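One structure is given here, and the rest of the page talks about it.
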Amino acid sequence: MTLLGLPLGTLLELFAAAGGITLVLYILKLRRRPAIVVFAPLWSAAAGEKQSNALFSQLKRWLSLLLQLVLLALLISALGDPRLATVMRSARNVVLLIDASASMKAHDVEGGRMGAARRAAHELISGLSANDRMLIVRADSSVTPLTSLTSDLASLHTAVDHTEATDTGVDLGSALFFARDTLNGKSNPQVIIVSDGALPDFTTLSKELPADLPVRFVPVGSESDNVAITEFSVRRYPLDKSRAQAMIELTNFMQRPVKVQLTLLGDGDPIEITELSLDPQQSLSRFYSNLAGVDQTLQAQIKALDAKDWLSADDRAFALIPARRRAKVAVFSPGNTYLEAALLLDEYLQTSWLRPEQAAPKEPFDVAILDGVAPPSGLRANAVLYLNPPANAAIQRGRALSDFGFDSWDRNHPILRFTALDSVQVSTGFAFKLEATDHVLGSSEQGPIFVTGTRAGQRFAALGFDPRNSDMVLRPAWPLILLNTIDFFTQEEQRYFSNYPTGTPWHISVPAGFDTVTVKRPTGVSQPVSVKQGEITFLGKEAGFYELNATSAGGHWSSKLAADLSSKEESRIAPGKELRGAQGSLAKPDGFASGGRQQLWGYLLLAAFALSVLEWFSYHRRVSV
C-alpha cells in the first residue's frame, strides 16, 4: 500500500489529535443539577436495578466511542490517498500519435478505423498509473498536439473523442520528431503509434530516433479492397473556351477485377455516366474531350458495382473550370491578315488594333503584340510579344539567318504545348543575343530564334522572323502559339489550378486592397486568413469546394477553389499488422492494464458513510447509548 496524499506521519498526528479530543469528550461526566426528591425511599428498588446494569451501560458507551474512532480513522486515511502497491510504478511520459490520414476513414471495422483507433486510445488512457503523463497528437499532413503532457484523464479522453480523420496523407516523420523533442530529458519516455499501418517507410525514420526511446504500435483495420480516383484535372480548350477537357484516372487496388460506375457532374448536374471494368491493380485513364455547357464546377464520382469498396473518401474528386476572362490585347501592326485571323479564333480576347504610328493608349493592357515595330512611348502592358522585332527593340538581335527552321524546341513549355514545329521552314530572320535570365523556346542550328524572359520588369516573348516569311502561318501551330502566349502572360491557365492537393499549403493570390480573406471550407466552417504580400497561405485538409470572400472600403472580392485527395498512397489501404523499425518489429504497448489508477479513498469515504449510518441506527435502537 502506498500513500499519494498526506504522508503517514501527518495522518498519525491528525488521528492522535482528533482521537484525543473525541476521547476527552466521551470521558467527561455529565454534571447534573441537584434536586430534592420526595419519597426517595420509594425509588430505592429502581436504584438498585440501575446499579446492576451500570457495567452494561459503561460497555455501550465504549462501543460508541470505538465506532467514532473507526469512523475518524477512515476519514483521515482517505486524506492519504492510499493506492495498492501492485498498480504503482515509476512515472512514464507517453506521447500517443493517432494516425488521422485519409486511409483511417476506411470502414472495414466497427465504427471505422478511426473509431477503432479512438477505442484503443481510451483503453491506453484508462491504463495509465497515478503518476504517468500522456500527450495526445493528431498526425496527418501536419502535427497537431491536442493536449499538454498531462495526467488529467478527463482532458485526455476528451481530446481523443474529438479526433477525426482528414483527407490528407500522414507526415509520420514530423510526428515522430515532435514526439522525440517533447520527450527529451523526460523520465521513462515512450511513443505509441495508433494506425492502420499504411505509413511511409518507418525503418528509415526510426534511425533518426534515440536508441533509448521505445516506440510501440497499435494496429487497426482488417481489409484492403478499394477502388479510387487517383487523378482528376480539367482545362478549357485554347481555341474554344466554351468547351472543356477533363482527365480522370481510376485505380483498382483489389486483387480481382471490378466494375465501376463513373459519374461526371457539371455545375452539380450529371452530364456523363460510364461503366468501366478495371483489372486487378490496374490504373485506367479516361479523357472527356468535349464538355460543353459546364461553366464552373466539375465533379467525378465512382461506385464499385460488384465488390466492396472499403474507403469512400477517394470515391469523389472536385475541380474548377478556369473562368473565361476577357484578356485585353493591343496589336501594333501595319497590317497582317494572318495575325488578325488567328486572334479572331478566341472570342474572349478584347483586341485593340493600332497602327505603328499611333500613340499608345493611356489604358493598361494585359498583352501588347508588336508586329515588326518597337514599343511605342507610354505603352502600358504587362507583357509584350515581339514578332520580328526591329533593331531598336528591348531584345537585341544577333546574326542574320536564312533558310532555317526549328531544329529544337521546348515541348514542355506552356507557349509551345500542342504544337509541332519540326517541319517549319523560314526564308529569312535572325538569332537573338541572350541575357542570363532568358529562356530559349526554339532554336535553329545557328542560334536561338524564339525566346522568352524579362526586360526592365516586363515579361516578353520574341520570334526572330516575320511569320509571313515562313510556312508557319499555314500550320495549326501559328494560332496555337499566339493564343498560348496570351494565356501564358495573362495566367489564365498555366498558373491556374483546377484543384489543389489536400494536405499541402496553398498560396492564393489576392487583389490589392484587402487585408483579410474569409475562407469557407467544404464542411461549412469559415475562418479568416491574413493577406501577406498579395497572397494568402492556407492548408486545406478536406476535399471539396472552398469559397473565398474579402471585403474592404474599396469593394468586394470573391473566388472559389477545389481540393482533391487523389493520393495513391492513401488509397492503398491494406493494413499493416506490424511496423518494422531499425531494431525489428515494434512491440505492442504493455503496462496499461485497467485499474492502473485505482483509488481507495472513495471506498474509505463510502465505508465511513456506512459506519455513520450504522451508528445512527444503533443510537436510535438504544444499542450504543
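By order of appearance in the C-alpha cells: chains A, B, ..., then residues from 1 within every chain, and ligands from 1 in the order shown.
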Selection near Ser567 of chain A, 10 Å with only C-alpha atoms, sequence-local residues under 3 positions removed, as a ChimeraX atom specification: /A:102,167-169,228-231,314,501-502,564,570-572
Secondary structure check, alpha helix (DSSP H) residues of segment 321-374 of chain A, as JSON, numbers by chain: {"A": [337, 338, 339, 340, 341, 342, 343]}
Writing out the chosen residues with C-alpha atoms as an mmCIF file, in the first residue's frame:
data_model
loop_
_atom_site.group_PDB
_atom_site.id
_atom_site.type_symbol
_atom_site.label_atom_id
_atom_site.label_comp_id
_atom_site.auth_asym_id
_atom_site.auth_seq_id
_atom_site.Cartn_x
_atom_site.Cartn_y
_atom_site.Cartn_z
ATOM 1 C CA THR A 337 -4.109 39.153 -92.173
ATOM 2 C CA TYR A 338 -2.634 36.024 -90.628
ATOM 3 C CA LEU A 339 -2.354 37.748 -87.271
ATOM 4 C CA GLU A 340 -5.908 39.066 -87.424
ATOM 5 C CA ALA A 341 -7.344 35.689 -88.395
ATOM 6 C CA ALA A 342 -5.537 33.879 -85.572
ATOM 7 C CA LEU A 343 -6.742 36.334 -82.890
#
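Minimum distance to Ala117 of chain A across A:Leu96, A:Leu320, A:Val24, A:Leu344 (counting only C-alpha atoms) occurs at A:Leu96.
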Exercise: Leu97 of chain A partners within 12 Å, only C-alpha atoms, chain neighbours under 2 positions left out, as a VMD selection string: chain A and resid 94 to 95 99 to 101 117 to 118 120 to 121 124 134 to 140 142 to 147 160 163 170 to 180 190 to 195 215 to 218
Within 9 Å of segment 362-382 of chain A: each segment 444-522 of chain A residue with its shortest pair, only C-alpha atoms, as CSV:
residue,atom,partner,partner_atom,distance
A:Gln458,CA,A:Asn382,CA,6.2
A:Arg459,CA,A:Asn382,CA,6.9
A:Phe460,CA,A:Asn382,CA,8.9
A:Phe465,CA,A:Gly372,CA,8.9
A:Asp466,CA,A:Gly372,CA,7.4
A:Ile486,CA,A:Val367,CA,6.7
A:Phe489,CA,A:Val367,CA,7.0
A:Thr490,CA,A:Asp366,CA,6.3
Export of the given selection (N, CA, C and O atoms) as an mmCIF file, in the first residue's frame:
data_model
loop_
_atom_site.group_PDB
_atom_site.id
_atom_site.type_symbol
_atom_site.label_atom_id
_atom_site.label_comp_id
_atom_site.auth_asym_id
_atom_site.auth_seq_id
_atom_site.Cartn_x
_atom_site.Cartn_y
_atom_site.Cartn_z
ATOM 1 N N GLN A 458 9.392 43.821 -67.315
ATOM 2 C CA GLN A 458 8.268 43.482 -68.202
ATOM 3 C C GLN A 458 8.551 42.141 -68.878
ATOM 4 O O GLN A 458 9.630 41.935 -69.450
ATOM 5 N N ARG A 459 7.600 41.237 -68.809
ATOM 6 C CA ARG A 459 7.753 39.927 -69.436
ATOM 7 C C ARG A 459 7.611 40.059 -70.950
ATOM 8 O O ARG A 459 6.859 40.908 -71.442
ATOM 9 N N PHE A 460 8.305 39.181 -71.683
ATOM 10 C CA PHE A 460 8.233 39.254 -73.135
ATOM 11 C C PHE A 460 8.439 37.873 -73.740
ATOM 12 O O PHE A 460 8.968 36.950 -73.099
ATOM 13 N N PHE A 465 11.727 36.170 -86.566
ATOM 14 C CA PHE A 465 11.450 36.285 -88.004
ATOM 15 C C PHE A 465 10.000 36.722 -88.186
ATOM 16 O O PHE A 465 9.177 36.601 -87.266
ATOM 17 N N ASP A 466 9.724 37.236 -89.371
ATOM 18 C CA ASP A 466 8.357 37.594 -89.725
ATOM 19 C C ASP A 466 7.615 36.311 -90.093
ATOM 20 O O ASP A 466 8.046 35.587 -91.000
ATOM 21 N N ILE A 486 -0.655 34.404 -75.112
ATOM 22 C CA ILE A 486 -1.561 35.304 -74.388
ATOM 23 C C ILE A 486 -2.018 34.658 -73.090
ATOM 24 O O ILE A 486 -2.037 35.296 -72.025
ATOM 25 N N PHE A 489 0.819 34.766 -70.548
ATOM 26 C CA PHE A 489 1.051 36.075 -69.950
ATOM 27 C C PHE A 489 -0.100 36.521 -69.044
ATOM 28 O O PHE A 489 0.118 37.231 -68.066
ATOM 29 N N THR A 490 -1.312 36.137 -69.392
ATOM 30 C CA THR A 490 -2.452 36.546 -68.558
ATOM 31 C C THR A 490 -2.692 35.567 -67.421
ATOM 32 O O THR A 490 -3.562 35.782 -66.584
#
Test item, strand (DSSP E) assignment across segment 429-578 of chain A, answer as a ChimeraX atom specification: /A:429-432,439-444,447-455,458-463,500-501,505-509,516-520,526-530,535-539,544-552,555-564
